[in-house]
Amino acid sequence: MLEADKVFAGSVPENYDRYMVPLIFEPYAADLAQRAASLSPSAVLEIAAGTGVVTRALAPNLSAGASYVVTDLNQSMLDYAASRQPPDRRIKWRQADALALPFEDAVFDVVCCQFGAMFFPDRPAGYREARRVLKPGGHFLFNVWDRIEENVFANDVTNALARIFPNDPPRFLARTPHGYHDTALIRGELEGAGFSRLMIETKAEQSRASSPRLPAVAYCQGTPLRNEIEAGKLDAATDCAEAAIAERHGHGDVAAKIQAHVIVAVT
């Protein structure tokens, strides 16, 4: 992972929430929120909350007396998430590094993380931190994207950009969001961090948009992929991605497969 892969700043948070969240994140956020709520936790920690799609899904389903700490490494993403959330005394917003969580040992019933583990510079260290702050019998719930070939629009965009930047193709999507899909590796790293009971479920969904322009803008302008696109060529790159999606999926409503691994680990 490159350092730029972790930069969600400028217009990225707004574009991410406007385009990426409905395109690929909402169904998995609903799934993660349902799993977390079913455990009836009294204390929840969310890591790498992004623009708050899980927070918005989970908070209404927690008890009135629950506490919910929502964190992200990027303050700009956290600020945007807080601006989208209705006032809720149960929620505390805090900038935090998943590899050095600013919390005492054994204080949370559930730690959840939606599509954030891929961005951890040291995943075993992040898993050890999640385990440290969980109570005995606590649950770590998270998801990661499967390989890019199983996520059709992301693959279409990556292949399209490789044609217009042949000397230095932007590989952010394949390298980072879709670069941590080996379930044997995930299981081994969690076991090495001290988790004893593990469940990994591969879950397919459909990504839908009203036009090929929307996924093109989502990926090119709503993720750190835009940091890899040469200055002054963002519009051309987005147009190229749109054309590739339209050629394969049509010019009206478009739909394609997305796939992720959902992991439940118990202390």
# chains A, B, ... in the order shown; residues from 1 in each chain; ligands from 1
>>> select_by_dssp(residues="segment 57-205 of chain A", states="strand (DSSP E or B)", output="PDB file with N, CA, C and O atoms, in the first residue's frame")
ATOM      1  N   SER A  67     -23.466   2.578  24.520  1.00  0.00           N
ATOM      2  CA  SER A  67     -22.488   3.593  24.126  1.00  0.00           C
ATOM      3  C   SER A  67     -21.860   3.162  22.807  1.00  0.00           C
ATOM      4  O   SER A  67     -21.649   1.977  22.570  1.00  0.00           O
ATOM      5  N   TYR A  68     -21.567   4.142  21.968  1.00  0.00           N
ATOM      6  CA  TYR A  68     -21.089   3.859  20.609  1.00  0.00           C
ATOM      7  C   TYR A  68     -19.982   4.859  20.299  1.00  0.00           C
ATOM      8  O   TYR A  68     -20.243   6.052  20.124  1.00  0.00           O
ATOM      9  N   VAL A  69     -18.746   4.373  20.241  1.00  0.00           N
ATOM     10  CA  VAL A  69     -17.599   5.218  19.911  1.00  0.00           C
ATOM     11  C   VAL A  69     -17.248   4.994  18.447  1.00  0.00           C
ATOM     12  O   VAL A  69     -16.986   3.856  18.030  1.00  0.00           O
ATOM     13  N   VAL A  70     -17.264   6.057  17.681  1.00  0.00           N
ATOM     14  CA  VAL A  70     -17.032   5.980  16.238  1.00  0.00           C
ATOM     15  C   VAL A  70     -15.708   6.662  15.914  1.00  0.00           C
ATOM     16  O   VAL A  70     -15.504   7.832  16.259  1.00  0.00           O
ATOM     17  N   THR A  71     -14.805   5.934  15.253  1.00  0.00           N
ATOM     18  CA  THR A  71     -13.465   6.463  15.001  1.00  0.00           C
ATOM     19  C   THR A  71     -13.092   6.323  13.518  1.00  0.00           C
ATOM     20  O   THR A  71     -13.622   5.497  12.792  1.00  0.00           O
ATOM     21  N   ASP A  72     -12.141   7.146  13.123  1.00  0.00           N
ATOM     22  CA  ASP A  72     -11.510   7.024  11.813  1.00  0.00           C
ATOM     23  C   ASP A  72     -10.148   7.697  11.894  1.00  0.00           C
ATOM     24  O   ASP A  72      -9.953   8.616  12.695  1.00  0.00           O
ATOM     25  N   ILE A  91     -23.508   8.463  20.963  1.00  0.00           N
ATOM     26  CA  ILE A  91     -22.384   8.402  20.037  1.00  0.00           C
ATOM     27  C   ILE A  91     -21.304   9.410  20.422  1.00  0.00           C
ATOM     28  O   ILE A  91     -21.590  10.584  20.666  1.00  0.00           O
ATOM     29  N   LYS A  92     -20.066   8.935  20.448  1.00  0.00           N
ATOM     30  CA  LYS A  92     -18.899   9.809  20.617  1.00  0.00           C
ATOM     31  C   LYS A  92     -18.020   9.636  19.387  1.00  0.00           C
ATOM     32  O   LYS A  92     -17.743   8.522  18.955  1.00  0.00           O
ATOM     33  N   TRP A  93     -17.577  10.757  18.815  1.00  0.00           N
ATOM     34  CA  TRP A  93     -16.729  10.753  17.631  1.00  0.00           C
ATOM     35  C   TRP A  93     -15.290  11.008  18.050  1.00  0.00           C
ATOM     36  O   TRP A  93     -15.022  11.940  18.812  1.00  0.00           O
ATOM     37  N   ARG A  94     -14.368  10.198  17.533  1.00  0.00           N
ATOM     38  CA  ARG A  94     -12.970  10.360  17.966  1.00  0.00           C
ATOM     39  C   ARG A  94     -12.012   9.934  16.856  1.00  0.00           C
ATOM     40  O   ARG A  94     -12.133   8.819  16.329  1.00  0.00           O
ATOM     41  N   GLN A  95     -11.096  10.808  16.522  1.00  0.00           N
ATOM     42  CA  GLN A  95     -10.038  10.446  15.579  1.00  0.00           C
ATOM     43  C   GLN A  95      -9.133   9.434  16.262  1.00  0.00           C
ATOM     44  O   GLN A  95      -8.724   9.628  17.411  1.00  0.00           O
ATOM     45  N   PHE A 108     -15.107  -3.000  25.356  1.00  0.00           N
ATOM     46  CA  PHE A 108     -16.157  -3.061  24.335  1.00  0.00           C
ATOM     47  C   PHE A 108     -16.686  -4.486  24.164  1.00  0.00           C
ATOM     48  O   PHE A 108     -15.933  -5.453  24.244  1.00  0.00           O
ATOM     49  N   ASP A 109     -17.988  -4.570  23.904  1.00  0.00           N
ATOM     50  CA  ASP A 109     -18.610  -5.859  23.593  1.00  0.00           C
ATOM     51  C   ASP A 109     -18.412  -6.222  22.124  1.00  0.00           C
ATOM     52  O   ASP A 109     -18.274  -7.396  21.773  1.00  0.00           O
ATOM     53  N   VAL A 110     -18.440  -5.196  21.277  1.00  0.00           N
ATOM     54  CA  VAL A 110     -18.311  -5.385  19.830  1.00  0.00           C
ATOM     55  C   VAL A 110     -17.357  -4.336  19.270  1.00  0.00           C
ATOM     56  O   VAL A 110     -17.453  -3.151  19.616  1.00  0.00           O
ATOM     57  N   VAL A 111     -16.443  -4.777  18.425  1.00  0.00           N
ATOM     58  CA  VAL A 111     -15.655  -3.888  17.583  1.00  0.00           C
ATOM     59  C   VAL A 111     -16.020  -4.206  16.146  1.00  0.00           C
ATOM     60  O   VAL A 111     -16.003  -5.372  15.736  1.00  0.00           O
ATOM     61  N   CYS A 112     -16.410  -3.191  15.386  1.00  0.00           N
ATOM     62  CA  CYS A 112     -16.760  -3.426  13.987  1.00  0.00           C
ATOM     63  C   CYS A 112     -15.949  -2.521  13.076  1.00  0.00           C
ATOM     64  O   CYS A 112     -15.503  -1.434  13.481  1.00  0.00           O
ATOM     65  N   CYS A 113     -15.767  -2.978  11.862  1.00  0.00           N
ATOM     66  CA  CYS A 113     -14.927  -2.249  10.906  1.00  0.00           C
ATOM     67  C   CYS A 113     -15.382  -2.598   9.495  1.00  0.00           C
ATOM     68  O   CYS A 113     -15.251  -3.754   9.071  1.00  0.00           O
ATOM     69  N   GLN A 114     -15.916  -1.631   8.786  1.00  0.00           N
ATOM     70  CA  GLN A 114     -16.407  -1.855   7.416  1.00  0.00           C
ATOM     71  C   GLN A 114     -15.329  -1.469   6.410  1.00  0.00           C
ATOM     72  O   GLN A 114     -14.980  -0.298   6.264  1.00  0.00           O
ATOM     73  N   LEU A 134     -11.505  -5.524  23.440  1.00  0.00           N
ATOM     74  CA  LEU A 134     -12.726  -6.306  23.589  1.00  0.00           C
ATOM     75  C   LEU A 134     -12.788  -7.003  24.945  1.00  0.00           C
ATOM     76  O   LEU A 134     -11.772  -7.471  25.461  1.00  0.00           O
ATOM     77  N   LYS A 135     -13.988  -7.087  25.480  1.00  0.00           N
ATOM     78  CA  LYS A 135     -14.207  -7.861  26.693  1.00  0.00           C
ATOM     79  C   LYS A 135     -14.072  -9.352  26.374  1.00  0.00           C
ATOM     80  O   LYS A 135     -14.195  -9.754  25.215  1.00  0.00           O
ATOM     81  N   PRO A 136     -13.830 -10.183  27.381  1.00  0.00           N
ATOM     82  CA  PRO A 136     -13.837 -11.639  27.140  1.00  0.00           C
ATOM     83  C   PRO A 136     -15.155 -12.072  26.501  1.00  0.00           C
ATOM     84  O   PRO A 136     -16.232 -11.683  26.953  1.00  0.00           O
ATOM     85  N   GLY A 137     -15.069 -12.844  25.430  1.00  0.00           N
ATOM     86  CA  GLY A 137     -16.261 -13.240  24.701  1.00  0.00           C
ATOM     87  C   GLY A 137     -16.775 -12.197  23.733  1.00  0.00           C
ATOM     88  O   GLY A 137     -17.824 -12.391  23.105  1.00  0.00           O
ATOM     89  N   GLY A 138     -16.033 -11.089  23.592  1.00  0.00           N
ATOM     90  CA  GLY A 138     -16.442 -10.030  22.680  1.00  0.00           C
ATOM     91  C   GLY A 138     -16.242 -10.411  21.228  1.00  0.00           C
ATOM     92  O   GLY A 138     -15.492 -11.336  20.902  1.00  0.00           O
ATOM     93  N   HIS A 139     -16.924  -9.681  20.346  1.00  0.00           N
ATOM     94  CA  HIS A 139     -16.934 -10.002  18.920  1.00  0.00           C
ATOM     95  C   HIS A 139     -16.269  -8.896  18.095  1.00  0.00           C
ATOM     96  O   HIS A 139     -16.573  -7.707  18.288  1.00  0.00           O
ATOM     97  N   PHE A 140     -15.412  -9.305  17.184  1.00  0.00           N
ATOM     98  CA  PHE A 140     -14.815  -8.419  16.191  1.00  0.00           C
ATOM     99  C   PHE A 140     -15.472  -8.748  14.857  1.00  0.00           C
ATOM    100  O   PHE A 140     -15.336  -9.857  14.345  1.00  0.00           O
ATOM    101  N   LEU A 141     -16.230  -7.788  14.316  1.00  0.00           N
ATOM    102  CA  LEU A 141     -16.954  -7.974  13.069  1.00  0.00           C
ATOM    103  C   LEU A 141     -16.367  -7.050  12.010  1.00  0.00           C
ATOM    104  O   LEU A 141     -16.288  -5.838  12.231  1.00  0.00           O
ATOM    105  N   PHE A 142     -15.967  -7.599  10.882  1.00  0.00           N
ATOM    106  CA  PHE A 142     -15.464  -6.731   9.821  1.00  0.00           C
ATOM    107  C   PHE A 142     -15.641  -7.409   8.471  1.00  0.00           C
ATOM    108  O   PHE A 142     -15.980  -8.589   8.379  1.00  0.00           O
ATOM    109  N   ASN A 143     -15.438  -6.623   7.427  1.00  0.00           N
ATOM    110  CA  ASN A 143     -15.511  -7.166   6.083  1.00  0.00           C
ATOM    111  C   ASN A 143     -14.382  -6.602   5.232  1.00  0.00           C
ATOM    112  O   ASN A 143     -13.834  -5.532   5.524  1.00  0.00           O
ATOM    113  N   VAL A 144     -14.020  -7.337   4.199  1.00  0.00           N
ATOM    114  CA  VAL A 144     -12.998  -6.919   3.241  1.00  0.00           C
ATOM    115  C   VAL A 144     -13.467  -7.327   1.848  1.00  0.00           C
ATOM    116  O   VAL A 144     -14.192  -8.313   1.697  1.00  0.00           O
ATOM    117  N   TRP A 145     -13.047  -6.592   0.847  1.00  0.00           N
ATOM    118  CA  TRP A 145     -13.439  -6.937  -0.513  1.00  0.00           C
ATOM    119  C   TRP A 145     -12.721  -8.191  -0.992  1.00  0.00           C
ATOM    120  O   TRP A 145     -11.551  -8.415  -0.660  1.00  0.00           O
ATOM    121  N   ARG A 197     -12.221 -18.277  17.907  1.00  0.00           N
ATOM    122  CA  ARG A 197     -13.360 -18.733  17.115  1.00  0.00           C
ATOM    123  C   ARG A 197     -13.569 -17.776  15.951  1.00  0.00           C
ATOM    124  O   ARG A 197     -13.773 -16.575  16.143  1.00  0.00           O
ATOM    125  N   LEU A 198     -13.541 -18.324  14.726  1.00  0.00           N
ATOM    126  CA  LEU A 198     -13.614 -17.488  13.529  1.00  0.00           C
ATOM    127  C   LEU A 198     -14.659 -18.013  12.569  1.00  0.00           C
ATOM    128  O   LEU A 198     -14.842 -19.225  12.423  1.00  0.00           O
ATOM    129  N   MET A 199     -15.342 -17.099  11.883  1.00  0.00           N
ATOM    130  CA  MET A 199     -16.250 -17.434  10.806  1.00  0.00           C
ATOM    131  C   MET A 199     -15.964 -16.476   9.654  1.00  0.00           C
ATOM    132  O   MET A 199     -15.897 -15.262   9.855  1.00  0.00           O
ATOM    133  N   ILE A 200     -15.750 -17.008   8.454  1.00  0.00           N
ATOM    134  CA  ILE A 200     -15.547 -16.176   7.270  1.00  0.00           C
ATOM    135  C   ILE A 200     -16.589 -16.586   6.234  1.00  0.00           C
ATOM    136  O   ILE A 200     -16.646 -17.737   5.816  1.00  0.00           O
ATOM    137  N   GLU A 201     -17.410 -15.645   5.847  1.00  0.00           N
ATOM    138  CA  GLU A 201     -18.479 -15.889   4.870  1.00  0.00           C
ATOM    139  C   GLU A 201     -18.245 -15.009   3.649  1.00  0.00           C
ATOM    140  O   GLU A 201     -18.054 -13.791   3.777  1.00  0.00           O
ATOM    141  N   THR A 202     -18.250 -15.598   2.472  1.00  0.00           N
ATOM    142  CA  THR A 202     -18.126 -14.833   1.236  1.00  0.00           C
ATOM    143  C   THR A 202     -19.524 -14.479   0.754  1.00  0.00           C
ATOM    144  O   THR A 202     -20.374 -15.347   0.578  1.00  0.00           O
ATOM    145  N   LYS A 203     -19.748 -13.179   0.555  1.00  0.00           N
ATOM    146  CA  LYS A 203     -21.101 -12.676   0.310  1.00  0.00           C
ATOM    147  C   LYS A 203     -21.118 -11.832  -0.966  1.00  0.00           C
ATOM    148  O   LYS A 203     -20.420 -10.822  -1.054  1.00  0.00           O
ATOM    149  N   ALA A 204     -21.906 -12.241  -1.943  1.00  0.00           N
ATOM    150  CA  ALA A 204     -22.055 -11.496  -3.186  1.00  0.00           C
ATOM    151  C   ALA A 204     -23.285 -10.592  -3.121  1.00  0.00           C
ATOM    152  O   ALA A 204     -24.298 -10.937  -2.512  1.00  0.00           O
ATOM    153  N   GLU A 205     -23.178  -9.426  -3.734  1.00  0.00           N
ATOM    154  CA  GLU A 205     -24.278  -8.485  -3.851  1.00  0.00           C
ATOM    155  C   GLU A 205     -24.265  -7.903  -5.265  1.00  0.00           C
ATOM    156  O   GLU A 205     -23.392  -8.231  -6.069  1.00  0.00           O
TER     157      GLU A 205
END
>>> closest_atom_pairs(of="segment 133-234 of chain A", to="segment 242-259 of chain A", cutoff="7 Å", atoms="only C-alpha atoms", output="Markdown table")
| residue | atom | partner | partner_atom | distance |
| --- | --- | --- | --- | --- |
| A:Trp145 | CA | A:Gln259 | CA | 6.3 |
| A:Asp146 | CA | A:Gln259 | CA | 5.6 |
| A:Glu150 | CA | A:Gln259 | CA | 5.9 |
| A:Asn151 | CA | A:Ile258 | CA | 4.3 |
| A:Val152 | CA | A:Lys257 | CA | 5.7 |
| A:Phe153 | CA | A:Ala256 | CA | 6.7 |
| A:Asp156 | CA | A:Ile245 | CA | 6.4 |
| A:Ala160 | CA | A:Ala244 | CA | 6.2 |
| A:Lys203 | CA | A:Gln259 | CA | 5.7 |
| A:Ala204 | CA | A:Gln259 | CA | 4.2 |
| A:Glu205 | CA | A:Ile258 | CA | 5.3 |
| A:Gln206 | CA | A:Lys257 | CA | 4.8 |
| A:Ser207 | CA | A:Ala256 | CA | 5.3 |
| A:Arg208 | CA | A:Ala255 | CA | 4.4 |
| A:Ala209 | CA | A:Val254 | CA | 5.4 |
| A:Ser210 | CA | A:Asp253 | CA | 4.3 |
| A:Ser211 | CA | A:Gly252 | CA | 5.0 |
| A:Pro212 | CA | A:Glu242 | CA | 5.4 |
| A:Arg213 | CA | A:Glu242 | CA | 5.1 |
| A:Ala216 | CA | A:Glu242 | CA | 5.0 |
>>> write_last_selection(atoms="all heavy atoms", output="short mmCIF file (atom, residue, chain, number, x, y, z; two decimals), in the first residue's frame")
data_model
loop_
_atom_site.label_atom_id
_atom_site.label_comp_id
_atom_site.auth_asym_id
_atom_site.auth_seq_id
_atom_site.Cartn_x
_atom_site.Cartn_y
_atom_site.Cartn_z
N TRP A 145 -13.05 -6.59 0.85
CA TRP A 145 -13.44 -6.94 -0.51
C TRP A 145 -12.72 -8.19 -0.99
O TRP A 145 -11.55 -8.41 -0.66
CB TRP A 145 -13.13 -5.79 -1.47
CG TRP A 145 -13.98 -4.58 -1.27
CD1 TRP A 145 -13.57 -3.35 -0.85
CD2 TRP A 145 -15.39 -4.48 -1.45
NE1 TRP A 145 -14.63 -2.49 -0.76
CE2 TRP A 145 -15.76 -3.16 -1.13
CE3 TRP A 145 -16.37 -5.39 -1.86
CZ2 TRP A 145 -17.08 -2.72 -1.20
CZ3 TRP A 145 -17.70 -4.95 -1.93
CH2 TRP A 145 -18.04 -3.62 -1.61
N ASP A 146 -13.42 -8.97 -1.79
CA ASP A 146 -12.81 -10.10 -2.48
C ASP A 146 -11.94 -9.57 -3.62
O ASP A 146 -11.87 -8.36 -3.88
CB ASP A 146 -13.90 -11.03 -2.99
CG ASP A 146 -13.40 -12.45 -3.25
OD1 ASP A 146 -12.17 -12.67 -3.21
OD2 ASP A 146 -14.23 -13.33 -3.52
N GLU A 150 -13.78 -10.26 -8.99
CA GLU A 150 -15.13 -10.56 -8.51
C GLU A 150 -15.95 -9.29 -8.28
O GLU A 150 -17.11 -9.35 -7.85
CB GLU A 150 -15.07 -11.37 -7.21
CG GLU A 150 -14.33 -12.69 -7.33
CD GLU A 150 -15.08 -13.72 -8.15
OE1 GLU A 150 -16.27 -13.49 -8.47
OE2 GLU A 150 -14.48 -14.76 -8.50
N ASN A 151 -15.35 -8.13 -8.53
CA ASN A 151 -15.99 -6.83 -8.31
C ASN A 151 -15.92 -6.07 -9.63
O ASN A 151 -14.94 -5.38 -9.93
CB ASN A 151 -15.30 -6.10 -7.17
CG ASN A 151 -15.58 -6.76 -5.83
OD1 ASN A 151 -16.54 -6.44 -5.16
ND2 ASN A 151 -14.74 -7.72 -5.46
N VAL A 152 -16.97 -6.22 -10.41
CA VAL A 152 -16.89 -5.98 -11.85
C VAL A 152 -16.61 -4.52 -12.21
O VAL A 152 -15.74 -4.24 -13.04
CB VAL A 152 -18.18 -6.48 -12.53
CG1 VAL A 152 -18.19 -6.15 -14.01
CG2 VAL A 152 -18.31 -7.99 -12.31
N PHE A 153 -17.34 -3.57 -11.62
CA PHE A 153 -17.11 -2.17 -11.99
C PHE A 153 -15.69 -1.74 -11.62
O PHE A 153 -15.04 -1.00 -12.38
CB PHE A 153 -18.13 -1.25 -11.31
CG PHE A 153 -19.52 -1.32 -11.87
CD1 PHE A 153 -20.62 -1.09 -11.05
CD2 PHE A 153 -19.75 -1.61 -13.21
CE1 PHE A 153 -21.91 -1.15 -11.55
CE2 PHE A 153 -21.04 -1.66 -13.73
CZ PHE A 153 -22.13 -1.44 -12.90
N ASP A 156 -13.49 -3.10 -14.25
CA ASP A 156 -13.68 -2.36 -15.51
C ASP A 156 -12.91 -1.04 -15.49
O ASP A 156 -12.25 -0.67 -16.47
CB ASP A 156 -15.16 -2.06 -15.73
CG ASP A 156 -15.99 -3.29 -16.06
OD1 ASP A 156 -15.41 -4.33 -16.42
OD2 ASP A 156 -17.23 -3.21 -15.92
N ALA A 160 -9.71 0.01 -17.81
CA ALA A 160 -9.84 1.16 -18.70
C ALA A 160 -8.71 2.17 -18.48
O ALA A 160 -8.13 2.68 -19.45
CB ALA A 160 -11.20 1.83 -18.48
N LYS A 203 -19.75 -13.18 0.56
CA LYS A 203 -21.10 -12.68 0.31
C LYS A 203 -21.12 -11.83 -0.97
O LYS A 203 -20.42 -10.82 -1.05
CB LYS A 203 -21.56 -11.85 1.51
CG LYS A 203 -23.00 -11.40 1.49
CD LYS A 203 -23.35 -10.70 2.80
CE LYS A 203 -24.78 -10.18 2.80
NZ LYS A 203 -25.77 -11.28 2.70
N ALA A 204 -21.91 -12.24 -1.94
CA ALA A 204 -22.06 -11.50 -3.19
C ALA A 204 -23.28 -10.59 -3.12
O ALA A 204 -24.30 -10.94 -2.51
CB ALA A 204 -22.17 -12.45 -4.37
N GLU A 205 -23.18 -9.43 -3.73
CA GLU A 205 -24.28 -8.49 -3.85
C GLU A 205 -24.26 -7.90 -5.27
O GLU A 205 -23.39 -8.23 -6.07
CB GLU A 205 -24.14 -7.36 -2.81
CG GLU A 205 -24.25 -7.79 -1.37
CD GLU A 205 -25.68 -8.04 -0.92
OE1 GLU A 205 -26.61 -7.81 -1.74
OE2 GLU A 205 -25.88 -8.46 0.23
N GLN A 206 -25.23 -7.04 -5.55
CA GLN A 206 -25.27 -6.35 -6.83
C GLN A 206 -25.00 -4.86 -6.63
O GLN A 206 -25.56 -4.23 -5.72
CB GLN A 206 -26.63 -6.53 -7.50
CG GLN A 206 -26.83 -7.89 -8.15
CD GLN A 206 -26.05 -8.02 -9.45
OE1 GLN A 206 -26.27 -7.28 -10.40
NE2 GLN A 206 -25.13 -8.98 -9.49
N SER A 207 -24.13 -4.33 -7.46
CA SER A 207 -23.87 -2.90 -7.51
C SER A 207 -24.74 -2.31 -8.61
O SER A 207 -24.71 -2.78 -9.75
CB SER A 207 -22.39 -2.67 -7.81
OG SER A 207 -22.09 -1.29 -7.87
N ARG A 208 -25.53 -1.28 -8.28
CA ARG A 208 -26.48 -0.73 -9.25
C ARG A 208 -26.33 0.78 -9.35
O ARG A 208 -26.05 1.46 -8.35
CB ARG A 208 -27.92 -1.06 -8.84
CG ARG A 208 -28.19 -2.56 -8.70
CD ARG A 208 -29.64 -2.83 -8.31
NE ARG A 208 -29.85 -4.24 -8.01
CZ ARG A 208 -30.07 -5.16 -8.92
NH1 ARG A 208 -30.13 -4.84 -10.20
NH2 ARG A 208 -30.24 -6.43 -8.57
N ALA A 209 -26.52 1.31 -10.54
CA ALA A 209 -26.48 2.75 -10.76
C ALA A 209 -27.40 3.10 -11.92
O ALA A 209 -27.69 2.26 -12.78
CB ALA A 209 -25.05 3.21 -11.05
N SER A 210 -27.84 4.34 -11.95
CA SER A 210 -28.79 4.78 -12.98
C SER A 210 -28.12 5.10 -14.30
O SER A 210 -28.80 5.32 -15.31
CB SER A 210 -29.58 5.99 -12.48
OG SER A 210 -28.70 7.06 -12.18
N SER A 211 -26.79 5.14 -14.31
CA SER A 211 -26.05 5.38 -15.55
C SER A 211 -24.61 4.95 -15.35
O SER A 211 -24.13 4.86 -14.22
CB SER A 211 -26.08 6.87 -15.93
OG SER A 211 -25.19 7.61 -15.11
N PRO A 212 -23.87 4.67 -16.44
CA PRO A 212 -22.46 4.31 -16.30
C PRO A 212 -21.60 5.45 -15.78
O PRO A 212 -20.48 5.22 -15.31
CB PRO A 212 -22.05 3.88 -17.71
CG PRO A 212 -23.07 4.46 -18.62
CD PRO A 212 -24.34 4.55 -17.84
N ARG A 213 -22.10 6.66 -15.86
CA ARG A 213 -21.33 7.81 -15.35
C ARG A 213 -21.13 7.71 -13.84
O ARG A 213 -20.07 8.09 -13.32
CB ARG A 213 -22.06 9.11 -15.69
CG ARG A 213 -21.31 10.39 -15.28
CD ARG A 213 -20.10 10.58 -16.14
NE ARG A 213 -19.34 11.78 -15.78
CZ ARG A 213 -18.19 12.11 -16.35
NH1 ARG A 213 -17.67 11.35 -17.31
NH2 ARG A 213 -17.54 13.20 -15.99
N ALA A 216 -18.26 5.48 -12.72
CA ALA A 216 -17.01 6.09 -13.18
C ALA A 216 -16.60 7.22 -12.26
O ALA A 216 -15.43 7.31 -11.84
CB ALA A 216 -17.18 6.59 -14.61
#
>>> atom_distance(atom1="atom CA of Asp182 of chain A", atom2="atom CA of Asp17 of chain A")
27.4 Å
>>> residues_around(residues="segment 74-77 of chain A", least_positions_apart="6", cutoff="6 Å", atoms="only C-alpha atoms", output="ChimeraX atom specification")
/A:13,50-51,95
>>> select_by_dssp(residues="segment 215-253 of chain A", states="alpha helix (DSSP H)", output="MDAnalysis selection string")
chainID A and resid 215:221 234:249
>>> write_last_selection(atoms="C-alpha atoms", output="CSV table (one decimal), in the first residue's frame")
chain,number,residue,atom,x,y,z
A,215,PRO,CA,-19.6,4.3,-11.1
A,216,ALA,CA,-17.0,6.1,-13.2
A,217,VAL,CA,-17.2,9.2,-11.0
A,218,ALA,CA,-17.4,7.1,-7.8
A,219,TYR,CA,-14.2,5.2,-8.4
A,220,CYS,CA,-12.2,8.0,-10.2
A,221,GLN,CA,-13.2,10.9,-8.0
A,234,LEU,CA,-9.2,13.5,-14.0
A,235,ASP,CA,-12.1,14.4,-16.3
A,236,ALA,CA,-10.5,12.4,-19.2
A,237,ALA,CA,-9.9,9.4,-16.9
A,238,THR,CA,-13.5,9.6,-15.7
A,239,ASP,CA,-14.8,9.8,-19.3
A,240,CYS,CA,-12.7,6.8,-20.2
A,241,ALA,CA,-14.0,4.7,-17.3
A,242,GLU,CA,-17.6,5.7,-18.2
A,243,ALA,CA,-17.1,4.6,-21.8
A,244,ALA,CA,-15.7,1.3,-20.7
A,245,ILE,CA,-18.7,0.6,-18.3
A,246,ALA,CA,-21.2,1.7,-21.0
A,247,GLU,CA,-19.6,-0.5,-23.6
A,248,ARG,CA,-19.9,-3.6,-21.3
A,249,HIS,CA,-23.1,-2.8,-19.4
>>> atom_distance(atom1="atom CA of Thr267 of chain A", atom2="atom CA of Phe195 of chain A")
5.1 Å
